>>> print(open('target29.csv').read())   # CSV, C-alpha atoms and all ligand atoms
chain,number,residue,atom,x,y,z
A,1,MET,CA,1.4,-12.8,28.6
A,2,HIS,CA,2.5,-15.9,26.7
A,3,SER,CA,1.5,-16.4,23.1
A,4,LYS,CA,-1.0,-19.1,23.9
A,5,GLU,CA,-2.7,-17.0,26.6
A,6,ILE,CA,-3.1,-14.1,24.2
A,7,GLN,CA,-4.6,-16.3,21.6
A,8,THR,CA,-7.1,-17.8,23.9
A,9,ALA,CA,-8.0,-14.5,25.5
A,10,GLU,CA,-8.6,-12.8,22.2
A,11,LYS,CA,-11.0,-15.5,21.0
A,12,ALA,CA,-13.3,-14.7,23.8
A,13,MET,CA,-13.4,-10.9,23.1
A,14,LEU,CA,-12.4,-9.8,19.6
A,15,CYS,CA,-14.5,-10.2,16.5
A,16,PRO,CA,-13.1,-13.1,14.6
A,17,THR,CA,-12.3,-11.0,11.5
A,18,TYR,CA,-8.7,-12.1,11.2
A,19,ALA,CA,-7.1,-15.4,10.2
A,20,ARG,CA,-4.0,-14.6,12.2
A,21,TYR,CA,-0.6,-16.0,11.8
A,22,PRO,CA,0.2,-18.5,14.6
A,23,LEU,CA,2.4,-16.0,16.2
A,24,ALA,CA,2.2,-13.1,18.7
A,25,ILE,CA,4.7,-10.2,18.6
A,26,ALA,CA,5.7,-8.5,21.8
A,27,ARG,CA,8.5,-6.2,20.6
A,28,ALA,CA,10.3,-5.2,17.4
A,29,SER,CA,13.4,-3.3,16.4
A,30,GLY,CA,14.8,-2.6,12.9
A,31,SER,CA,13.9,-5.6,10.8
A,32,THR,CA,13.5,-8.0,13.7
A,33,LEU,CA,10.2,-9.1,15.3
A,34,ILE,CA,10.3,-10.7,18.7
A,35,SER,CA,7.7,-13.0,20.2
A,36,PRO,CA,6.6,-13.0,23.9
A,37,GLU,CA,8.8,-16.1,24.3
A,38,GLY,CA,11.8,-14.2,22.9
A,39,LYS,CA,12.0,-16.0,19.5
A,40,GLU,CA,13.3,-13.6,16.8
A,41,TYR,CA,12.0,-13.3,13.2
A,42,VAL,CA,13.3,-11.5,10.2
A,43,ASP,CA,10.5,-9.1,9.2
A,44,LEU,CA,10.0,-9.3,5.4
A,45,LEU,CA,6.6,-7.7,5.7
A,46,ALA,CA,7.0,-4.4,7.6
A,47,GLY,CA,3.5,-4.5,9.0
A,48,ILE,CA,2.2,-4.8,5.4
A,49,ALA,CA,4.4,-2.1,3.8
A,50,VAL,CA,4.0,0.2,6.7
A,51,CYS,CA,7.2,0.3,8.8
A,52,ASN,CA,9.4,1.4,5.9
A,53,LEU,CA,12.1,2.7,8.2
A,54,GLY,CA,12.0,-0.5,10.3
A,55,HIS,CA,10.6,-0.9,13.8
A,56,SER,CA,11.3,1.6,16.6
A,57,HIS,CA,13.5,3.8,14.4
A,58,PRO,CA,15.3,6.0,17.1
A,59,GLU,CA,14.5,9.2,15.3
A,60,LEU,CA,10.8,8.3,15.0
A,61,VAL,CA,10.6,7.3,18.6
A,62,GLU,CA,12.2,10.7,19.5
A,63,THR,CA,9.8,12.6,17.3
A,64,ILE,CA,6.7,10.7,18.7
A,65,CYS,CA,7.8,11.5,22.3
A,66,ALA,CA,8.6,15.1,21.7
A,67,GLN,CA,5.5,15.8,19.7
A,68,ALA,CA,3.3,13.9,22.2
A,69,ALA,CA,4.6,16.2,24.9
A,70,LYS,CA,3.8,19.3,22.8
A,71,LEU,CA,0.5,18.6,21.0
A,72,ILE,CA,-1.2,15.3,20.0
A,73,HIS,CA,-4.7,16.3,18.8
A,74,VAL,CA,-7.0,19.3,18.6
A,75,SER,CA,-9.1,18.4,15.6
A,76,ASN,CA,-9.4,20.1,12.2
A,77,LEU,CA,-11.2,23.1,13.7
A,78,PHE,CA,-7.7,24.6,14.2
A,79,TYR,CA,-4.7,25.6,12.1
A,80,GLN,CA,-1.6,23.4,12.9
A,81,GLU,CA,1.9,24.0,11.8
A,82,GLU,CA,2.6,20.3,11.7
A,83,GLN,CA,0.1,19.9,8.8
A,84,VAL,CA,1.7,22.5,6.7
A,85,THR,CA,5.2,21.2,7.3
A,86,LEU,CA,4.1,17.8,6.2
A,87,ALA,CA,2.0,19.1,3.3
A,88,GLU,CA,5.1,21.0,2.0
A,89,ARG,CA,7.3,17.9,2.2
A,90,LEU,CA,4.7,15.6,0.7
A,91,LEU,CA,3.7,17.9,-2.2
A,92,GLN,CA,7.4,18.4,-3.1
A,93,THR,CA,7.6,14.6,-3.9
A,94,THR,CA,5.1,15.1,-6.8
A,95,HIS,CA,3.5,17.4,-9.3
A,96,MET,CA,0.5,17.7,-7.0
A,97,GLU,CA,-0.7,20.9,-5.5
A,98,ARG,CA,-3.2,20.1,-2.7
A,99,VAL,CA,-3.5,17.4,0.0
A,100,PHE,CA,-6.2,16.1,2.3
A,101,PHE,CA,-5.1,14.1,5.3
A,102,CYS,CA,-7.1,11.2,6.7
A,103,ASN,CA,-6.5,8.0,8.7
A,104,SER,CA,-6.2,5.0,6.5
A,105,GLY,CA,-6.0,3.7,2.9
A,106,ALA,CA,-9.7,2.9,2.6
A,107,GLU,CA,-10.5,6.4,3.8
A,108,ALA,CA,-8.1,8.0,1.3
A,109,ASN,CA,-9.7,6.0,-1.6
A,110,GLU,CA,-13.2,6.8,-0.2
A,111,GLY,CA,-12.2,10.5,-0.2
A,112,ALA,CA,-10.8,10.2,-3.8
A,113,ILE,CA,-14.1,8.7,-5.0
A,114,LYS,CA,-16.1,11.4,-3.2
A,115,LEU,CA,-13.8,14.1,-4.6
A,116,ALA,CA,-14.1,12.8,-8.2
A,117,ARG,CA,-17.9,12.8,-8.1
A,118,ARG,CA,-18.2,16.1,-6.4
A,119,TYR,CA,-15.6,17.8,-8.7
A,120,MET,CA,-17.5,16.6,-11.7
A,121,ARG,CA,-20.9,17.6,-10.5
A,122,GLU,CA,-20.1,20.9,-8.7
A,123,VAL,CA,-17.1,22.2,-10.6
A,124,ARG,CA,-17.3,20.8,-14.1
A,125,LYS,CA,-21.1,20.7,-14.0
A,126,GLU,CA,-21.1,17.3,-15.6
A,127,GLU,CA,-23.2,14.3,-14.6
A,128,ARG,CA,-20.3,11.9,-14.2
A,129,PHE,CA,-20.3,9.6,-11.2
A,130,GLU,CA,-19.2,6.2,-12.4
A,131,ILE,CA,-15.9,4.7,-11.1
A,132,VAL,CA,-14.0,2.1,-13.1
A,133,THR,CA,-11.5,-0.2,-11.5
A,134,LEU,CA,-9.6,-3.4,-12.5
A,135,SER,CA,-10.2,-7.1,-11.6
A,136,GLY,CA,-7.7,-8.3,-9.0
A,137,SER,CA,-7.5,-4.9,-7.5
A,138,PHE,CA,-7.7,-4.0,-3.8
A,139,HIS,CA,-8.9,-0.6,-2.7
A,140,GLY,CA,-10.2,-1.0,0.9
A,141,ARG,CA,-12.9,-2.3,3.2
A,142,THR,CA,-15.4,0.5,3.4
A,143,LEU,CA,-18.6,0.0,1.4
A,144,ALA,CA,-17.5,2.2,-1.5
A,145,THR,CA,-13.9,0.9,-1.6
A,146,LEU,CA,-14.9,-2.7,-1.3
A,147,THR,CA,-17.3,-2.1,-4.2
A,148,ALA,CA,-14.4,-0.6,-6.1
A,149,THR,CA,-12.2,-3.6,-5.3
A,150,GLY,CA,-12.0,-6.2,-8.1
A,151,GLN,CA,-12.2,-9.3,-5.9
A,152,ASP,CA,-15.6,-10.8,-5.1
A,153,LYS,CA,-14.4,-12.6,-1.9
A,154,ILE,CA,-14.4,-9.4,0.1
A,155,LYS,CA,-17.9,-8.4,-0.9
A,156,THR,CA,-19.8,-11.5,0.2
A,157,GLY,CA,-22.8,-10.6,2.5
A,158,PHE,CA,-22.4,-6.9,2.4
A,159,GLY,CA,-25.0,-5.9,-0.2
A,160,PRO,CA,-26.7,-3.9,-1.4
A,161,LEU,CA,-23.5,-2.2,-2.5
A,162,PRO,CA,-23.2,1.4,-3.8
A,163,ASP,CA,-24.1,1.9,-7.4
A,164,ARG,CA,-22.2,2.8,-10.5
A,165,PHE,CA,-18.9,1.1,-9.9
A,166,HIS,CA,-17.6,-1.0,-12.8
A,167,THR,CA,-14.7,-3.5,-12.7
A,168,VAL,CA,-13.1,-4.4,-16.0
A,169,PRO,CA,-10.7,-7.3,-16.7
A,170,PHE,CA,-7.1,-6.6,-15.9
A,171,GLY,CA,-5.1,-6.1,-19.1
A,172,ASP,CA,-8.1,-5.7,-21.4
A,173,LEU,CA,-7.7,-2.3,-22.9
A,174,ALA,CA,-10.8,-2.7,-25.2
A,175,ALA,CA,-12.9,-3.4,-22.1
A,176,MET,CA,-11.6,-0.3,-20.4
A,177,ASP,CA,-12.3,1.7,-23.6
A,178,ALA,CA,-15.8,0.4,-23.6
A,179,ALA,CA,-16.4,1.1,-19.9
A,180,LEU,CA,-15.5,4.8,-20.2
A,181,GLY,CA,-18.7,6.6,-21.1
A,182,ASP,CA,-20.0,10.1,-20.7
A,183,GLN,CA,-21.0,9.2,-17.1
A,184,THR,CA,-17.6,8.1,-16.0
A,185,ALA,CA,-16.0,10.2,-13.3
A,186,ALA,CA,-12.8,8.4,-12.7
A,187,VAL,CA,-10.6,5.3,-13.3
A,188,LEU,CA,-8.8,4.1,-10.1
A,189,VAL,CA,-5.9,1.7,-10.5
A,190,GLU,CA,-2.9,0.5,-8.5
A,191,MET,CA,0.4,0.7,-10.5
A,192,ILE,CA,1.3,-2.8,-9.1
A,193,GLN,CA,-1.6,-4.8,-7.6
A,194,GLY,CA,-0.3,-5.7,-4.1
A,195,GLU,CA,-3.0,-7.8,-2.5
A,196,GLY,CA,-3.7,-9.1,-6.0
A,197,GLY,CA,-0.3,-10.8,-6.0
A,198,VAL,CA,2.3,-8.1,-6.8
A,199,ARG,CA,1.0,-7.8,-10.4
A,200,PRO,CA,2.4,-4.7,-12.2
A,201,LEU,CA,0.2,-3.1,-14.9
A,202,PRO,CA,2.1,-3.5,-18.1
A,203,GLU,CA,3.7,-0.1,-19.1
A,204,SER,CA,1.9,0.2,-22.4
A,205,TYR,CA,-1.4,-0.7,-20.8
A,206,VAL,CA,-1.3,1.8,-18.0
A,207,ARG,CA,-0.1,4.5,-20.4
A,208,ALA,CA,-3.0,3.7,-22.7
A,209,ILE,CA,-5.5,4.0,-19.7
A,210,ALA,CA,-4.0,7.4,-18.7
A,211,GLU,CA,-4.4,8.6,-22.3
A,212,LEU,CA,-8.0,7.3,-22.6
A,213,CYS,CA,-8.8,9.2,-19.3
A,214,ALA,CA,-7.2,12.4,-20.7
A,215,THR,CA,-9.1,12.3,-24.0
A,216,ARG,CA,-12.4,11.3,-22.4
A,217,GLY,CA,-12.4,13.9,-19.6
A,218,VAL,CA,-12.2,11.2,-17.0
A,219,LEU,CA,-10.0,11.6,-13.8
A,220,PHE,CA,-7.0,9.2,-13.7
A,221,MET,CA,-6.6,8.2,-10.0
A,222,VAL,CA,-3.7,6.1,-8.8
A,223,ASP,CA,-3.9,4.1,-5.6
A,224,GLU,CA,-0.4,4.3,-4.2
A,225,ILE,CA,-1.4,3.1,-0.7
A,226,GLN,CA,1.0,0.2,-0.9
A,227,THR,CA,3.4,1.3,-3.6
A,228,GLY,CA,4.0,4.8,-2.4
A,229,VAL,CA,6.6,6.3,0.0
A,230,GLY,CA,9.7,4.7,-1.6
A,231,ARG,CA,8.5,1.1,-1.7
A,232,THR,CA,9.2,0.5,-5.4
A,233,GLY,CA,12.5,2.4,-5.7
A,234,LYS,CA,11.0,5.8,-6.4
A,235,PHE,CA,8.9,7.8,-4.0
A,236,TRP,CA,5.8,7.0,-6.1
A,237,ALA,CA,5.4,4.0,-8.4
A,238,HIS,CA,3.8,6.1,-11.1
A,239,GLN,CA,7.0,8.1,-11.3
A,240,HIS,CA,8.8,5.2,-13.0
A,241,LEU,CA,6.6,6.0,-16.0
A,242,ASP,CA,6.4,9.8,-15.7
A,243,LEU,CA,2.7,9.6,-15.5
A,244,LEU,CA,0.7,12.5,-14.1
A,245,PRO,CA,-2.4,11.2,-12.2
A,246,ASP,CA,-5.2,13.6,-11.3
A,247,ILE,CA,-5.5,12.1,-7.8
A,248,ILE,CA,-3.1,10.0,-5.8
A,249,THR,CA,-4.0,8.1,-2.6
A,250,VAL,CA,-1.4,7.0,0.0
A,251,ALA,CA,-1.5,5.5,3.5
A,252,LYS,CA,0.5,2.5,4.6
A,253,GLY,CA,4.1,3.7,4.7
A,254,LEU,CA,3.2,7.4,5.2
A,255,ALA,CA,3.6,7.8,9.0
A,256,GLY,CA,6.0,4.9,9.8
A,257,GLY,CA,3.4,2.8,11.6
A,258,LEU,CA,1.0,5.5,12.9
A,259,PRO,CA,-2.4,5.3,11.2
A,260,MET,CA,-2.5,7.9,8.4
A,261,GLY,CA,-3.7,8.3,4.9
A,262,ALA,CA,-3.8,11.2,2.4
A,263,LEU,CA,-5.1,12.1,-1.0
A,264,LEU,CA,-3.2,14.4,-3.3
A,265,CYS,CA,-4.7,16.3,-6.2
A,266,SER,CA,-4.3,19.5,-8.4
A,267,GLN,CA,-5.6,22.9,-7.4
A,268,GLU,CA,-8.3,22.5,-10.0
A,269,VAL,CA,-9.6,19.2,-8.7
A,270,ALA,CA,-9.4,20.4,-5.1
A,271,GLN,CA,-12.2,22.8,-5.8
A,272,GLY,CA,-14.4,19.8,-5.5
A,273,PHE,CA,-13.8,19.8,-1.8
A,274,PRO,CA,-14.9,23.3,-0.5
A,275,ALA,CA,-15.3,24.0,3.2
A,276,GLY,CA,-17.8,21.6,4.9
A,277,SER,CA,-17.9,19.1,2.0
A,278,HIS,CA,-15.7,16.5,3.5
A,279,GLY,CA,-13.8,16.0,6.7
A,280,THR,CA,-12.5,13.8,9.6
A,281,THR,CA,-12.0,14.2,13.3
A,282,PHE,CA,-8.6,12.6,13.6
A,283,GLY,CA,-7.2,13.0,10.1
A,284,GLY,CA,-3.8,14.8,10.0
A,285,ASN,CA,-3.5,15.4,13.8
A,286,ALA,CA,-0.3,17.0,14.9
A,287,LEU,CA,1.2,13.7,16.1
A,288,VAL,CA,0.8,11.8,12.9
A,289,CYS,CA,1.8,14.8,10.8
A,290,ALA,CA,5.0,15.4,12.7
A,291,VAL,CA,5.9,11.7,12.4
A,292,ALA,CA,5.1,11.5,8.6
A,293,ALA,CA,7.2,14.7,8.0
A,294,LYS,CA,10.1,13.0,9.8
A,295,VAL,CA,9.6,9.8,7.7
A,296,ILE,CA,9.8,11.8,4.5
A,297,GLU,CA,12.9,13.7,5.8
A,298,ILE,CA,14.7,10.4,6.6
A,299,ILE,CA,13.7,8.8,3.3
A,300,GLU,CA,15.2,11.7,1.5
A,301,ARG,CA,18.3,12.2,3.7
A,302,ASP,CA,19.2,8.5,3.7
A,303,ALA,CA,18.3,8.1,0.0
A,304,LEU,CA,16.1,5.1,0.8
A,305,CYS,CA,14.3,5.1,-2.5
A,306,ALA,CA,17.6,4.5,-4.3
A,307,ARG,CA,18.4,2.0,-1.7
A,308,ALA,CA,15.2,0.1,-2.3
A,309,ALA,CA,15.9,0.1,-6.0
A,310,ALA,CA,19.4,-1.1,-5.7
A,311,LEU,CA,18.7,-3.8,-3.0
A,312,GLY,CA,15.7,-4.9,-5.1
A,313,GLN,CA,17.9,-5.3,-8.1
A,314,TRP,CA,20.4,-7.4,-6.2
A,315,PHE,CA,17.7,-9.5,-4.6
A,316,LYS,CA,16.1,-10.1,-8.0
A,317,GLY,CA,19.4,-11.6,-9.2
A,318,ARG,CA,19.4,-14.0,-6.2
A,319,LEU,CA,15.7,-14.9,-6.7
A,320,ASP,CA,16.2,-15.4,-10.5
A,321,ALA,CA,18.9,-17.9,-9.7
A,322,LEU,CA,16.4,-19.8,-7.5
A,323,HIS,CA,13.9,-19.7,-10.3
A,324,THR,CA,16.5,-21.2,-12.7
A,325,LYS,CA,17.3,-23.9,-10.1
A,326,TYR,CA,13.6,-24.7,-9.4
A,327,PRO,CA,11.7,-24.1,-12.6
A,328,ALA,CA,9.1,-26.7,-11.6
A,329,GLN,CA,8.3,-24.9,-8.3
A,330,ILE,CA,8.6,-21.2,-9.2
A,331,ALA,CA,6.4,-19.8,-11.9
A,332,GLU,CA,7.6,-16.2,-11.8
A,333,ILE,CA,9.7,-13.7,-9.8
A,334,ARG,CA,8.4,-10.1,-9.7
A,335,VAL,CA,10.6,-7.5,-8.1
A,336,HIS,CA,9.8,-3.8,-8.0
A,337,GLY,CA,12.2,-2.2,-5.6
A,338,LEU,CA,11.3,-3.9,-2.3
A,339,MET,CA,7.9,-5.0,-3.4
A,340,ILE,CA,8.4,-8.6,-4.3
A,341,GLY,CA,6.2,-11.5,-5.5
A,342,ILE,CA,7.4,-15.0,-5.8
A,343,GLU,CA,4.7,-16.9,-7.7
A,344,LEU,CA,4.7,-20.6,-7.0
A,345,ARG,CA,3.4,-23.4,-9.2
A,346,PHE,CA,1.7,-25.0,-6.2
A,347,PRO,CA,-0.4,-23.7,-3.2
A,348,GLY,CA,2.1,-22.1,-0.9
A,349,ALA,CA,0.7,-22.6,2.6
A,350,THR,CA,3.0,-25.4,3.7
A,351,LEU,CA,6.1,-23.6,2.3
A,352,TRP,CA,5.0,-20.4,4.0
A,353,GLU,CA,4.6,-22.2,7.3
A,354,ALA,CA,8.0,-23.8,7.0
A,355,LEU,CA,9.6,-20.4,6.4
A,356,LEU,CA,7.8,-18.9,9.4
A,357,GLU,CA,9.1,-21.8,11.5
A,358,ARG,CA,12.6,-20.9,10.3
A,359,GLY,CA,12.1,-17.4,11.5
A,360,PHE,CA,11.0,-15.5,8.3
A,361,VAL,CA,7.8,-13.4,8.4
A,362,LEU,CA,6.3,-12.9,5.0
A,363,ASN,CA,2.8,-13.0,3.4
A,364,LEU,CA,1.1,-15.5,1.2
A,365,THR,CA,-1.4,-13.9,-1.1
A,366,GLN,CA,-3.7,-15.4,-3.8
A,367,ASP,CA,-2.7,-18.8,-2.4
A,368,VAL,CA,0.4,-19.1,-4.7
A,369,VAL,CA,2.3,-15.8,-4.3
A,370,LEU,CA,4.9,-15.3,-1.6
A,371,ARG,CA,4.7,-11.5,-1.0
A,372,LEU,CA,7.7,-9.7,0.6
A,373,LEU,CA,7.4,-6.0,1.6
A,374,PRO,CA,10.5,-5.7,3.9
A,375,PRO,CA,11.5,-2.5,5.6
A,376,LEU,CA,13.5,-0.3,3.2
A,377,VAL,CA,16.4,-0.5,5.7
A,378,ILE,CA,16.6,-4.3,5.7
A,379,THR,CA,20.2,-5.6,5.1
A,380,GLU,CA,21.6,-7.7,2.2
A,381,LYS,CA,22.5,-10.3,4.8
A,382,GLU,CA,18.9,-10.6,6.1
A,383,LEU,CA,17.7,-11.0,2.5
A,384,GLU,CA,20.5,-13.5,1.7
A,385,ASP,CA,19.5,-15.6,4.8
A,386,PHE,CA,16.0,-15.8,3.4
A,387,VAL,CA,17.3,-16.9,0.0
A,388,GLN,CA,19.2,-19.7,1.7
A,389,ALA,CA,16.2,-20.8,3.7
A,390,LEU,CA,13.9,-20.7,0.6
A,391,ASP,CA,16.5,-22.7,-1.4
A,392,GLN,CA,16.5,-25.4,1.3
A,393,GLU,CA,12.7,-25.5,1.6
A,394,LEU,CA,12.2,-25.6,-2.2
A,395,SER,CA,14.6,-28.5,-2.5
A,396,ARG,CA,12.0,-30.5,-0.4
A,397,CYS,CA,8.9,-29.4,-2.4
B,401,LIG,C1,-3.9,-1.7,2.1
B,401,LIG,C2,-4.5,-1.1,0.9
B,401,LIG,C3,-5.7,-0.4,0.9
B,401,LIG,C4,-6.5,-0.2,2.2
B,401,LIG,O1,-5.8,0.4,3.2
B,401,LIG,P1,-6.3,0.4,4.7
B,401,LIG,O2,-5.4,1.3,5.5
B,401,LIG,O3,-6.2,-1.0,5.2
B,401,LIG,O4,-7.7,0.9,4.7
B,401,LIG,C5,-6.1,0.2,-0.2
B,401,LIG,N1,-5.5,0.0,-1.4
B,401,LIG,C6,-4.3,-0.6,-1.5
B,401,LIG,C7,-3.6,-0.7,-2.8
B,401,LIG,C8,-3.8,-1.3,-0.3
B,401,LIG,O5,-2.7,-2.0,-0.4
>>> encode(input="target29.csv", output="structure tokens", more="lines below")
Ligand SMILES: *Cc1c(COP(=O)(O)O)cnc(C)c1O
Amino acid sequence: MHSKEIQTAEKAMLCPTYARYPLAIARASGSTLISPEGKEYVDLLAGIAVCNLGHSHPELVETICAQAAKLIHVSNLFYQEEQVTLAERLLQTTHMERVFFCNSGAEANEGAIKLARRYMREVRKEERFEIVTLSGSFHGRTLATLTATGQDKIKTGFGPLPDRFHTVPFGDLAAMDAALGDQTAAVLVEMIQGEGGVRPLPESYVRAIAELCATRGVLFMVDEIQTGVGRTGKFWAHQHLDLLPDIITVAKGLAGGLPMGALLCSQEVAQGFPAGSHGTTFGGNALVCAVAAKVIEIIERDALCARAAALGQWFKGRLDALHTKYPAQIAEIRVHGLMIGIELRFPGATLWEALLERGFVLNLTQDVVLRLLPPLVITEKELEDFVQALDQELSRC
């Protein structure tokens, strides 16, 4: 089908939830997206931080085919070797001791919220159920996770929302301090707000939050759904600061493009989830687990975390040069491995469109932030081509 036919056909059938890019993708390989008409784009988005190994990585294709022929799904009524193989690899990346597999980021955060409440009530025997999050955060689209999200625009029309969630202003430690009471179960934060515009929590701030949690008996939960799996130059973003969260959630990059999420916790906290307390039909099926295990194996073998760090460092130098050249157009460059925000001093829609027209796929978030989440295997040349295109377009702004 041609792009136009696809666009027209979907309008007649799909819920109009998405403001789509004016572009259909028919195929993809490495860091290249290809439209039905054969036009090629440099993929600086990786399916929103999902395809960290690039598209159709030959070893992932091979793993998918082999595993599909062996076992795809039997449900969590059964023991499966693929789950323990993945659990072992995933837990080795952290200080965590237990994992729960699910299907998406929202579901991982939903699980974390449920676990925090149930652990407090059933294990610690404390009436703690409040969840505290930050303004500008994004934690998902289920009722609990959109309530946790610190952006009003995604809540419109969905009330009444679940009770006892509090959002405090980003960066305001006194407000956080005041929000943590004897009914607080957990604080949930992203290390770098992704959807919120690639905004890192200042180091002293996030350390102080973790310390407040520890002294008040509150669980410190880190949403690594976008920042995890090598994106920021370490396997987990919180590892840049040697923090030890009580619960970590992950999804996007975990299974290389197959839908998968997980929450990780200590043995102690995992007691909040005894048999029958929580579950999922699809979560952690043999196919996604085999693929996720392969993703982690390749990230480690090919040292992709270090690659993301080094490439990000080089790219930052190139973008800083553009910042110096265009101080009236660029407000700030924020680079954390291959999680990149270019904050403009003007609404970026026209610039974003011009870059798309030139063959570069990236995201515009919060109206003024160009967000880049390229595959961790992207080349210096592809990034340099983007810098050249951005340079030319900025000279016209
Ligand atoms: C994408 C994202 C989510 C939601 O993940 P879904 O898989 O879309 O449900 C939650 N938190 C963060 C930080 C995200 O980036």
>>> residues_near_ligand(input="target29.csv", ligand="ligand LIG 401 (chain B)", cutoff="8 Å", atoms="all atoms listed in the file", output="NGL selection string")
:A and (48 or 103-109 or 137-142 or 145 or 190 or 193-195 or 223-227 or 251-252 or 259-261)
>>> closest_residue(input="target29.csv", among="A:Ile113, A:Ile296, A:Leu134, A:Ala28", to="Arg89 in chain A", atoms="all atoms listed in the file")
A:Ile296
>>> atom_distance(input="target29.csv", atom1="CA of Ala292 in chain A", atom2="CA of Val84 in chain A")
11.7 Å
>>> atom_distance(input="target29.csv", atom1="CA of Gly230 in chain A", atom2="CA of Ala293 in chain A")
14.1 Å
>>> residues_around(input="target29.csv", residues="Asp242 in chain A", least_positions_apart="6", cutoff="12 Å", atoms="all atoms listed in the file", output="number ranges by chain")
A: 94-95, 203, 206-207, 210, 234, 236
>>> atom_distance(input="target29.csv", atom1="CA of Pro375 in chain A", atom2="CA of Ser31 in chain A")
6.5 Å
>>> residues_around(input="target29.csv", residues="Tyr79 in chain A", least_positions_apart="5", cutoff="12 Å", atoms="all atoms listed in the file", output="ChimeraX atom specification")
/A:73-74,84-85,284-286
>>> closest_residue(input="target29.csv", among="A:His240, A:Arg124, A:Lys381, A:Arg20", to="Trp314 in chain A", atoms="all atoms listed in the file")
A:Lys381
